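Student: You'll find data.tsv just under this line, and it carries TSV, C-alpha atoms.
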```
chain	number	residue	atom	x	y	z
A	1	MET	CA	16.31	95.22	41.11
A	2	ILE	CA	15.14	98.17	39.01
A	3	SER	CA	11.43	99.03	39.03
A	4	TYR	CA	9.23	101.05	36.72
A	5	ASP	CA	9.33	103.88	39.27
A	6	ASP	CA	13.10	104.18	38.83
A	7	PHE	CA	12.54	105.09	35.17
A	8	TYR	CA	9.62	107.37	35.97
A	9	ALA	CA	11.86	109.39	38.29
A	10	ILE	CA	14.15	110.29	35.36
A	11	ALA	CA	13.52	112.99	32.76
A	12	PRO	CA	12.29	111.15	29.64
A	13	PHE	CA	15.21	111.95	27.32
A	14	SER	CA	18.07	112.38	29.77
A	15	LEU	CA	19.86	109.00	29.88
A	16	GLY	CA	23.03	108.52	27.88
A	17	LYS	CA	23.81	105.30	26.05
A	18	SER	CA	25.75	103.36	28.69
A	19	GLU	CA	23.53	104.18	31.66
A	20	LYS	CA	20.37	103.50	29.69
A	21	LYS	CA	21.71	100.15	28.48
A	22	HIS	CA	22.54	99.13	32.04
A	23	MET	CA	19.13	100.09	33.43
A	24	LEU	CA	17.16	98.59	30.54
A	25	THR	CA	19.05	95.31	30.73
A	26	GLN	CA	18.27	94.87	34.42
A	27	ARG	CA	14.62	95.89	34.10
A	28	LEU	CA	13.94	93.79	30.99
A	29	LEU	CA	15.60	90.73	32.50
A	30	ASP	CA	13.41	91.14	35.59
A	31	LEU	CA	10.34	91.34	33.35
A	32	THR	CA	11.48	88.28	31.41
A	33	ASN	CA	11.77	86.27	34.64
A	34	LEU	CA	8.39	87.58	35.81
A	35	HIS	CA	6.66	86.43	32.62
A	36	ILE	CA	8.42	83.06	32.60
A	37	GLU	CA	7.02	82.46	36.08
A	38	ALA	CA	3.55	83.90	35.49
A	39	CYS	CA	2.68	83.14	31.84
A	40	PRO	CA	2.75	79.41	30.95
A	41	GLN	CA	2.74	80.01	27.17
A	42	TYR	CA	5.65	82.42	27.42
A	43	ALA	CA	7.55	79.98	29.63
A	44	ASP	CA	6.96	77.21	27.07
A	45	MET	CA	8.29	79.42	24.27
A	46	MET	CA	11.41	80.36	26.21
A	47	ARG	CA	12.00	76.73	27.13
A	48	GLY	CA	11.41	75.67	23.53
A	49	ILE	CA	14.22	77.88	22.24
A	50	GLY	CA	16.52	76.93	25.09
A	51	PHE	CA	16.66	80.45	26.50
A	52	SER	CA	18.27	81.09	29.88
A	53	PRO	CA	18.21	84.60	31.38
A	54	SER	CA	21.62	83.93	32.89
A	55	ASP	CA	23.09	83.89	29.37
A	56	CYS	CA	22.03	87.49	28.65
A	57	LYS	CA	24.76	90.09	28.44
A	58	SER	CA	22.30	92.85	27.54
A	59	TYR	CA	18.65	93.34	26.60
A	60	PHE	CA	19.66	92.77	22.97
A	61	ASP	CA	19.90	89.07	23.92
A	62	ILE	CA	16.37	88.81	25.33
A	63	PRO	CA	14.11	86.94	22.86
A	64	PHE	CA	11.43	88.97	21.13
A	65	LEU	CA	7.89	87.87	20.39
A	66	PRO	CA	6.35	88.72	17.01
A	67	VAL	CA	3.41	91.06	17.56
A	68	SER	CA	1.19	88.71	15.56
A	69	LEU	CA	1.29	86.22	18.45
A	70	PHE	CA	-1.12	88.42	20.38
A	71	LYS	CA	-3.70	87.76	17.66
A	72	ASP	CA	-3.45	84.01	18.11
A	73	LEU	CA	-2.83	83.50	21.83
A	74	GLU	CA	-4.18	84.87	25.09
A	75	LEU	CA	-0.93	85.98	26.68
A	76	LEU	CA	-1.23	87.35	30.19
A	77	SER	CA	0.83	87.21	33.35
A	78	VAL	CA	-1.94	88.01	35.82
A	79	GLU	CA	-5.14	86.28	36.84
A	80	LYS	CA	-8.10	86.96	34.56
A	81	ASN	CA	-10.02	88.60	37.41
A	82	ASP	CA	-7.18	91.13	37.81
A	83	VAL	CA	-7.64	92.39	34.23
A	84	VAL	CA	-9.24	95.84	34.29
A	85	LYS	CA	-8.93	96.68	30.60
A	86	THR	CA	-8.46	94.79	27.33
A	87	MET	CA	-6.85	96.67	24.47
A	88	THR	CA	-7.43	95.56	20.90
A	89	SER	CA	-5.29	96.37	17.89
A	90	SER	CA	-6.55	97.85	14.68
A	91	GLY	CA	-7.77	95.33	12.16
A	92	THR	CA	-9.70	95.56	8.93
A	93	THR	CA	-12.83	93.49	8.51
A	94	GLY	CA	-12.06	89.79	8.70
A	95	GLN	CA	-8.63	90.21	10.30
A	96	ALA	CA	-7.84	88.91	13.75
A	97	VAL	CA	-6.94	91.57	16.31
A	98	SER	CA	-4.39	91.55	19.08
A	99	LYS	CA	-5.73	91.48	22.62
A	100	ILE	CA	-3.60	93.06	25.32
A	101	TYR	CA	-4.63	92.44	28.92
A	102	LEU	CA	-3.94	95.14	31.50
A	103	ASN	CA	-4.12	95.04	35.26
A	104	LYS	CA	-4.52	98.22	37.27
A	105	ALA	CA	-0.78	98.84	37.75
A	106	THR	CA	0.17	98.35	34.09
A	107	ALA	CA	-2.72	100.51	32.86
A	108	ALA	CA	-1.73	103.30	35.28
A	109	ASN	CA	1.93	103.13	34.27
A	110	GLN	CA	0.99	103.36	30.59
A	111	GLN	CA	-0.88	106.59	31.27
A	112	LYS	CA	1.94	108.03	33.40
A	113	THR	CA	4.49	107.19	30.72
A	114	LEU	CA	2.46	108.79	27.95
A	115	ALA	CA	2.02	111.96	29.99
A	116	LYS	CA	5.72	112.24	30.76
A	117	ILE	CA	6.83	111.72	27.15
A	118	VAL	CA	4.30	114.05	25.54
A	119	SER	CA	4.81	116.85	28.06
A	120	ASP	CA	8.45	117.03	26.96
A	121	PHE	CA	7.16	118.23	23.58
A	122	THR	CA	4.07	120.23	24.60
A	123	GLY	CA	5.06	121.57	28.02
A	124	ALA	CA	3.76	120.60	31.44
A	125	SER	CA	0.60	122.72	31.32
A	126	ARG	CA	-2.65	121.25	30.08
A	127	MET	CA	-4.37	123.08	27.24
A	128	PRO	CA	-7.77	123.40	25.59
A	129	MET	CA	-7.95	120.42	23.24
A	130	ILE	CA	-9.55	119.63	19.90
A	131	ILE	CA	-9.83	115.90	19.21
A	132	ILE	CA	-10.00	115.37	15.46
A	133	ASP	CA	-12.26	112.35	15.63
A	134	SER	CA	-15.77	111.31	16.59
A	135	PRO	CA	-16.96	110.59	20.15
A	136	SER	CA	-18.58	107.41	18.81
A	137	VAL	CA	-15.15	105.71	18.93
A	138	LEU	CA	-15.34	105.48	22.73
A	139	LYS	CA	-18.02	102.90	23.26
A	140	ASP	CA	-16.94	100.03	25.49
A	141	ARG	CA	-14.78	101.42	28.30
A	142	SER	CA	-13.53	97.95	29.27
A	143	MET	CA	-12.33	97.03	25.75
A	144	PHE	CA	-10.62	99.68	23.67
A	145	SER	CA	-9.51	99.68	20.08
A	146	ALA	CA	-6.13	101.25	19.39
A	147	ARG	CA	-7.92	104.34	18.09
A	148	GLY	CA	-10.13	104.67	21.15
A	149	ALA	CA	-7.20	104.08	23.47
A	150	GLY	CA	-5.23	106.82	21.75
A	151	ILE	CA	-8.07	109.30	22.14
A	152	LEU	CA	-8.61	108.43	25.78
A	153	GLY	CA	-4.89	108.50	26.56
A	154	PHE	CA	-4.27	111.91	25.01
A	155	SER	CA	-7.45	113.39	26.51
A	156	ILE	CA	-5.64	113.86	29.82
A	157	PHE	CA	-3.74	116.77	28.25
A	158	GLY	CA	-6.92	118.79	27.70
A	159	THR	CA	-8.40	121.28	30.18
A	160	ASP	CA	-11.46	121.59	27.98
A	161	ARG	CA	-12.15	119.21	25.09
A	162	ILE	CA	-14.30	119.04	21.99
A	163	TYR	CA	-14.55	116.56	19.13
A	164	ALA	CA	-14.05	118.13	15.71
A	165	LEU	CA	-16.16	115.42	14.04
A	166	ASP	CA	-19.73	114.43	14.80
A	167	GLU	CA	-21.14	110.91	15.15
A	168	ASN	CA	-21.12	110.55	11.35
A	169	MET	CA	-17.48	111.65	10.98
A	170	GLU	CA	-18.58	115.00	9.55
A	171	LEU	CA	-16.52	118.10	10.36
A	172	ASP	CA	-18.35	120.42	12.78
A	173	ILE	CA	-16.90	123.81	11.82
A	174	PRO	CA	-19.26	125.94	13.98
A	175	ALA	CA	-18.32	123.93	17.09
A	176	ILE	CA	-14.62	124.37	16.34
A	177	GLU	CA	-14.97	128.10	15.76
A	178	ASN	CA	-16.94	128.56	18.98
A	179	PHE	CA	-14.27	126.62	20.85
A	180	LEU	CA	-11.48	128.75	19.37
A	181	SER	CA	-13.37	131.93	20.21
A	182	LYS	CA	-13.89	130.72	23.78
A	183	HIS	CA	-10.14	130.08	24.17
A	184	LYS	CA	-8.82	132.98	22.10
A	185	GLY	CA	-5.21	133.80	22.95
A	186	LYS	CA	-4.47	130.38	24.45
A	187	ASN	CA	-2.36	127.57	23.06
A	188	ILE	CA	-4.57	124.83	21.63
A	189	LEU	CA	-3.67	121.13	21.56
A	190	LEU	CA	-4.98	119.13	18.61
A	191	PHE	CA	-4.85	115.34	18.50
A	192	GLY	CA	-5.88	112.90	15.79
A	193	PHE	CA	-4.83	109.98	13.67
A	194	THR	CA	-2.80	110.84	10.62
A	195	SER	CA	-5.19	109.97	7.80
A	196	ILE	CA	-8.31	111.04	9.72
A	197	VAL	CA	-6.77	114.49	10.19
A	198	TRP	CA	-6.07	114.53	6.48
A	199	GLN	CA	-9.34	113.14	5.15
A	200	HIS	CA	-11.88	114.60	7.56
A	201	PHE	CA	-10.17	117.80	8.66
A	202	TYR	CA	-7.78	119.18	6.06
A	203	LEU	CA	-9.59	118.01	2.92
A	204	GLU	CA	-12.98	119.07	4.30
A	205	LEU	CA	-11.74	122.54	5.18
A	206	LYS	CA	-10.18	122.81	1.74
A	207	ARG	CA	-13.34	121.57	0.02
A	208	LYS	CA	-15.43	124.12	1.89
A	209	GLU	CA	-12.78	126.80	1.27
A	210	HIS	CA	-12.75	127.51	4.98
A	211	LYS	CA	-9.69	128.62	6.93
A	212	LEU	CA	-9.20	128.30	10.68
A	213	ASP	CA	-6.62	130.23	12.68
A	214	LEU	CA	-4.66	127.56	14.53
A	215	SER	CA	-1.39	129.45	14.63
A	216	ASP	CA	-1.28	128.90	18.41
A	217	GLY	CA	-1.97	125.19	17.99
A	218	ILE	CA	0.13	122.08	18.58
A	219	LEU	CA	-0.91	119.04	16.53
A	220	ILE	CA	0.08	115.54	17.62
A	221	HIS	CA	-0.86	112.80	15.19
A	222	GLY	CA	-0.01	109.16	14.59
A	223	GLY	CA	-1.35	105.85	13.41
A	224	GLY	CA	0.08	105.08	10.01
A	225	TRP	CA	0.86	106.70	6.66
A	226	LYS	CA	-0.24	104.06	4.15
A	227	LYS	CA	-3.43	105.84	3.07
A	228	LEU	CA	-1.54	109.07	2.53
A	229	ILE	CA	1.28	107.38	0.64
A	230	ASN	CA	-1.37	105.94	-1.66
A	231	GLN	CA	-2.56	109.50	-2.21
A	232	ALA	CA	1.03	110.67	-2.83
A	233	VAL	CA	1.12	112.87	0.26
A	234	SER	CA	4.56	113.13	1.85
A	235	LYS	CA	5.25	114.06	5.47
A	236	ALA	CA	6.67	117.40	4.36
A	237	GLU	CA	3.63	118.15	2.21
A	238	TYR	CA	1.28	117.12	5.03
A	239	LYS	CA	2.90	119.69	7.32
A	240	ASN	CA	3.14	122.42	4.71
A	241	LEU	CA	-0.48	122.16	3.62
A	242	LEU	CA	-1.80	122.21	7.19
A	243	ARG	CA	0.38	125.23	7.91
A	244	ASP	CA	-0.85	127.06	4.81
A	245	LEU	CA	-4.51	126.36	5.55
A	246	CYS	CA	-4.60	126.69	9.35
A	247	GLY	CA	-1.37	128.35	10.39
A	248	LEU	CA	-0.33	125.14	12.16
A	249	SER	CA	3.46	125.05	12.33
A	250	ASN	CA	3.96	122.99	15.51
A	251	ILE	CA	3.22	119.45	14.29
A	252	HIS	CA	4.54	116.19	15.77
A	253	ASP	CA	4.04	112.74	14.31
A	254	TYR	CA	4.45	109.76	16.63
A	255	TYR	CA	5.04	106.02	16.29
A	256	GLY	CA	3.41	103.56	18.64
A	257	MET	CA	1.34	100.40	18.89
A	258	VAL	CA	-1.37	98.93	21.11
A	259	GLU	CA	0.99	96.11	22.10
A	260	GLN	CA	3.13	98.69	23.93
A	261	THR	CA	0.67	101.47	24.71
A	262	GLY	CA	2.19	104.45	26.50
A	263	CYS	CA	5.71	103.98	25.10
A	264	ILE	CA	5.27	106.19	22.07
A	265	TYR	CA	8.10	107.60	19.96
A	266	VAL	CA	7.47	111.29	19.22
A	267	GLU	CA	8.91	113.28	16.32
A	268	CYS	CA	11.12	116.19	17.36
A	269	GLU	CA	11.60	119.57	15.72
A	270	HIS	CA	14.12	118.05	13.32
A	271	GLY	CA	11.76	115.35	12.05
A	272	HIS	CA	13.32	112.48	14.04
A	273	LEU	CA	11.38	109.94	16.11
A	274	HIS	CA	12.87	109.51	19.59
A	275	ALA	CA	13.10	106.61	22.06
A	276	SER	CA	12.54	107.69	25.66
A	277	VAL	CA	14.00	106.23	28.85
A	278	PHE	CA	10.95	103.93	29.02
A	279	SER	CA	11.75	102.13	25.79
A	280	ASP	CA	14.26	101.42	23.10
A	281	ILE	CA	14.32	100.42	19.47
A	282	ILE	CA	16.50	97.89	17.66
A	283	MET	CA	16.58	97.26	13.92
A	284	ARG	CA	17.02	93.58	12.99
A	285	ARG	CA	18.44	92.27	9.71
A	286	HIS	CA	15.93	90.32	7.61
A	287	ILE	CA	18.32	87.47	6.91
A	288	ASP	CA	19.27	86.44	10.47
A	289	PHE	CA	17.66	88.95	12.87
A	290	SER	CA	21.04	90.24	14.01
A	291	PRO	CA	21.11	93.93	15.01
A	292	CYS	CA	21.57	96.36	12.15
A	293	ASP	CA	24.20	99.07	12.11
A	294	PHE	CA	23.00	102.65	12.37
A	295	GLY	CA	21.87	103.82	8.95
A	296	GLN	CA	20.97	100.30	7.83
A	297	SER	CA	17.33	99.40	7.21
A	298	GLY	CA	15.86	96.55	9.23
A	299	ILE	CA	12.81	95.11	10.97
A	300	VAL	CA	11.75	97.17	13.97
A	301	GLN	CA	12.05	95.61	17.43
A	302	VAL	CA	10.71	97.56	20.40
A	303	VAL	CA	11.32	97.05	24.11
A	304	SER	CA	9.36	98.58	26.98
A	305	VAL	CA	9.79	98.74	30.75
A	306	ILE	CA	6.02	98.95	31.35
A	307	ALA	CA	4.57	95.55	30.41
A	308	GLU	CA	3.97	93.64	33.63
A	309	SER	CA	0.52	92.14	33.08
A	310	TYR	CA	1.42	90.53	29.73
A	311	PRO	CA	4.72	89.48	28.06
A	312	GLY	CA	5.00	92.48	25.76
A	313	HIS	CA	8.32	93.87	26.92
A	314	SER	CA	10.28	92.74	23.82
A	315	LEU	CA	8.43	92.62	20.50
A	316	LEU	CA	9.27	92.29	16.81
A	317	THR	CA	6.94	94.48	14.78
A	318	GLU	CA	5.87	94.26	11.14
A	319	ASP	CA	7.53	97.58	10.32
A	320	GLU	CA	10.85	98.57	8.78
A	321	GLY	CA	13.01	101.45	9.87
A	322	VAL	CA	16.46	103.00	10.19
A	323	ILE	CA	18.24	104.19	13.32
A	324	LEU	CA	19.86	107.52	12.50
A	325	GLY	CA	21.94	107.97	15.63
A	326	GLU	CA	22.05	107.97	19.42
A	327	ASP	CA	22.49	110.87	21.86
A	328	THR	CA	23.40	113.22	18.98
A	329	CYS	CA	20.12	114.64	17.65
A	330	PRO	CA	20.31	118.43	17.17
A	331	CYS	CA	17.18	118.79	19.34
A	332	GLY	CA	19.29	117.84	22.37
A	333	ARG	CA	17.25	114.82	23.48
A	334	LEU	CA	19.34	111.81	24.44
A	335	GLY	CA	18.58	108.29	23.23
A	336	LYS	CA	18.18	106.73	19.81
A	337	PHE	CA	16.49	108.65	17.03
A	338	PHE	CA	15.17	107.03	13.88
A	339	HIS	CA	12.59	106.97	11.13
A	340	ILE	CA	10.07	104.36	10.05
A	341	SER	CA	10.28	103.36	6.38
A	342	GLY	CA	6.98	101.49	6.15
A	343	ARG	CA	5.38	98.09	6.53
A	344	LEU	CA	7.09	94.82	5.74
A	345	LYS	CA	5.96	93.35	2.44
A	346	GLN	CA	2.96	91.03	2.88
A	347	ALA	CA	2.42	92.26	6.44
A	348	GLU	CA	-1.21	92.89	7.28
A	349	ILE	CA	-2.22	96.50	6.72
A	350	ARG	CA	-2.92	98.11	10.03
A	351	GLY	CA	-2.65	101.40	11.81
A	352	CYS	CA	-5.02	103.26	14.08
A	353	SER	CA	-6.20	105.59	11.37
A	354	ASP	CA	-5.59	103.40	8.34
A	355	THR	CA	-8.29	100.96	9.38
A	356	TYR	CA	-11.12	103.48	9.48
A	357	GLU	CA	-13.26	102.06	6.68
A	358	GLY	CA	-14.75	105.39	5.72
A	359	ILE	CA	-11.41	106.59	4.36
A	360	ARG	CA	-10.90	105.98	0.67
```
Could you rewrite the structure in this file as structure tokens?

Tutor:
Amino acid sequence: MISYDDFYAIAPFSLGKSEKKHMLTQRLLDLTNLHIEACPQYADMMRGIGFSPSDCKSYFDIPFLPVSLFKDLELLSVEKNDVVKTMTSSGTTGQAVSKIYLNKATAANQQKTLAKIVSDFTGASRMPMIIIDSPSVLKDRSMFSARGAGILGFSIFGTDRIYALDENMELDIPAIENFLSKHKGKNILLFGFTSIVWQHFYLELKRKEHKLDLSDGILIHGGGWKKLINQAVSKAEYKNLLRDLCGLSNIHDYYGMVEQTGCIYVECEHGHLHASVFSDIIMRRHIDFSPCDFGQSGIVQVVSVIAESYPGHSLLTEDEGVILGEDTCPCGRLGKFFHISGRLKQAEIRGCSDTYEGIR
């Protein structure tokens, strides 16, 4: 039996294809059996499709749940009184939101996983941190939105932290400048959601014709590109404009979702998103859900070794993407690397930053 700790003991991008497939298959089958035993709704679904774990040759054969199920059903594999945190997905007004139930162990493993993945890109040392958001997002500590969870999760990387935006989502330039002066000569970590960084940070600085020196900064951002696509802002332009205005050249996008918090996919120096040892990604053909070949666009399926308190270890998302390769990225990280093409047509618009209603 392979446990979460077996994965945690491994460097996050160090497993080659065959060894990773072997370990993931064992771990995900164990999780499947756990959820069949502990979650009645999940057991009913597996029984309804005639699934037997003994028939699985690899984790590709384990059934996936559509992420939308978490909006309609309370799916948990622990007792309600063992739930220490409930995560909610992004959702525009009137939309149902996913609810993800975490016990102490799963919540802790999410945080450990996030730290291990991100430190591979930022280094092991914590840094002074600018959170490009408002502190008002963190209200109910027992129930977090995807945006609040992202802020709280990434906050562990900061030795000293400030919010760049005030309670009204207004950019606080004096506070930022004081913070940069206080930490002059140090590397600065910046974190925010993609369109919030654009709308409330970049565009505000540009409007006020104010430049900040963030040449020693590392920006990590994620949460959806739809708002920026609507404004005709490409990923390349996003990076170039931030570099020109702030000197920021070390910028990493990431892909992730509240249904598998912790298992994020971070963009490397070559612009590729990477799957770590804690997770994997499969593209499924629209017509029959069979696995796509590398280079072929399909629906994104994600698997995670973390999800013990709820059956979220194998999920079909509402996104489309393309796997570019495996174990061969020029950055040297092993595992699959890919890009996300966008949302499926008619899928609900969501994304941690896209659902902030103040963005137009």

Student: Would you list the contacts of stretch 265-268 of chain A as a list in words, taking every protein, DNA or RNA residue within 9 Å and counting all atoms listed in the file, but skipping same-chain residues closer than 5 positions in sequence?

Tutor: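 Once the adjacent positions are removed, what remains is Ile117, Val118, Phe121, Ile220, Ile251, His252, Asp253, Tyr254, Tyr255, Gly256, Leu273, His274, Ala275, Ser276, Ser279, Cys331, Arg333, Phe337 and His339 of chain A.
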
Student: Output C-alpha atoms for every residue in the selection just made, as a JSON list (two decimals), in the coordinates of the input.

Tutor:
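Writing done, so here's out-v6.json:
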```json
[["chain", "number", "residue", "atom", "x", "y", "z"],
["A", 117, "ILE", "CA", 6.83, 111.72, 27.15],
["A", 118, "VAL", "CA", 4.30, 114.05, 25.54],
["A", 121, "PHE", "CA", 7.16, 118.23, 23.58],
["A", 220, "ILE", "CA", 0.08, 115.54, 17.62],
["A", 251, "ILE", "CA", 3.22, 119.45, 14.29],
["A", 252, "HIS", "CA", 4.54, 116.19, 15.77],
["A", 253, "ASP", "CA", 4.04, 112.74, 14.31],
["A", 254, "TYR", "CA", 4.45, 109.76, 16.63],
["A", 255, "TYR", "CA", 5.04, 106.02, 16.29],
["A", 256, "GLY", "CA", 3.41, 103.56, 18.64],
["A", 273, "LEU", "CA", 11.38, 109.94, 16.11],
["A", 274, "HIS", "CA", 12.87, 109.51, 19.59],
["A", 275, "ALA", "CA", 13.10, 106.61, 22.06],
["A", 276, "SER", "CA", 12.54, 107.69, 25.66],
["A", 279, "SER", "CA", 11.75, 102.13, 25.79],
["A", 331, "CYS", "CA", 17.18, 118.79, 19.34],
["A", 333, "ARG", "CA", 17.25, 114.82, 23.48],
["A", 337, "PHE", "CA", 16.49, 108.65, 17.03],
["A", 339, "HIS", "CA", 12.59, 106.97, 11.13]]
```

Student: Sorted by chain and rising residue number, list the residues of stretch 99-128 of chain A at most 10 Å from stretch 184-195 of chain A (counting only C-alpha atoms), each with its closest atom pair and distance in Å to one decimal, as JSON lines.

Tutor:
```
{"residue": "A:Thr122", "atom": "CA", "partner": "A:Leu189", "partner_atom": "CA", "distance": 8.4}
{"residue": "A:Arg126", "atom": "CA", "partner": "A:Leu189", "partner_atom": "CA", "distance": 8.6}
{"residue": "A:Met127", "atom": "CA", "partner": "A:Ile188", "partner_atom": "CA", "distance": 5.9}
{"residue": "A:Pro128", "atom": "CA", "partner": "A:Ile188", "partner_atom": "CA", "distance": 5.3}
```

Student: Go ahead and write the residues just picked, C-alpha atoms, as a PDB file, in the frame of the given file.

Tutor:
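Now in again28.pdb:
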```pdb
ATOM      1  CA  THR A 122       4.070 120.230  24.600  1.00  0.00           C
ATOM      2  CA  ARG A 126      -2.650 121.250  30.080  1.00  0.00           C
ATOM      3  CA  MET A 127      -4.370 123.080  27.240  1.00  0.00           C
ATOM      4  CA  PRO A 128      -7.770 123.400  25.590  1.00  0.00           C
TER       5      PRO A 128
END
```

Student: Record the distance separating atom CA of A:Ser89 and atom CA of A:Glu237, expressed in Å with one decimal.

Tutor: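 A separation of 28.3 Å between them.
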
Student: Find the distance between atom CA of A:Ile176 and atom CA of A:Met129 and write it in Å to one decimal.

Tutor: 10.4 Å

Student: What's the separation between atom CA of A:Ser215 and atom CA of A:Tyr202, in Å to one decimal place?

Tutor: 14.8 Å

Student: Looking at only C-alpha atoms, which of A:Leu212, A:Leu165, A:Val303, A:Met257 is the one that sits closest to A:Asp133?

Tutor: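 Of A:Leu212, A:Leu165, A:Val303, A:Met257, the one nearest A:Asp133 is A:Leu165, counting only C-alpha atoms.
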
Student: Can you work out which one of A:Ser134, A:Asp160, A:Ile282, A:Ile196 has the shortest atom-to-atom distance to A:Asp172, counting all atoms listed in the file?

Tutor: A:Ser134

Student: Point out the residue among A:Gly217, A:Pro66, A:Pro291, A:Gly16 with the least atom-to-atom distance to A:Thr328, counting all atoms listed in the file.

Tutor: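 Residue with the minimum atom-to-atom distance to A:Thr328: A:Gly16.
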
Student: List as a VMD selection string the residues having at least one atom at most 10 Å from position (3.0, 122.3, 10.3) as given in the file, counting only C-alpha atoms.

Tutor: chain A and resid 215 217 to 219 235 to 252

Student: Which residue out of A:Glu326, A:Val67, A:Phe294, A:Gly223 has the minimum interatomic distance to A:Ala146 when all atoms listed in the file are used?

Tutor: A:Gly223

Student: Can you tell me which residues surround A:Gly295 at a distance of at most 10 Å, considering all atoms listed in the file, apart from same-chain residues fewer than 5 positions away, and format the answer as a list of chain:residue names?

Tutor: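 Contacts, in chain order: A:Met283, A:Gly321, A:Val322, A:Ile323, A:Leu324, A:Gly325, A:Phe338.
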
Student: Please identify all polymer residues lying at most 9 Å from the point (23.8, 93.7, 28.1) (file coordinates), using only C-alpha atoms, and present the result as a ChimeraX atom specification.

Tutor: /A:21-22,24-26,56-61

Student: Which of these residues is nearest to A:Thr32, using all atoms listed in the file: A:Ala307, A:Leu214, A:Cys329, A:Ala149?

Tutor: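 So, comparing all the options, the nearest one is A:Ala307.
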
Student: List the spatial neighbours of stretch 95-103 of chain A as an MDAnalysis selection string - criterion: any atom at most 6 Å away, all atoms listed in the file, same-chain residues fewer than 3 positions off excluded.

Tutor: chainID A and resid 70:71 82:89 91:92 106:107 309

Student: Compile the contact shell of A:Ala38 as a PyMOL selection string: residues with an atom at most 10 Å away, counting all atoms listed in the file, same-chain residues fewer than 5 positions apart removed.

Tutor: chain A and resi 32-33+43+76-79+308-311

Student: Ranking A:Asp327, A:Asp319, A:Asp55, A:Glu37 by minimum distance to A:Ser297 and counting only C-alpha atoms, which one comes first?

Tutor: A:Asp319
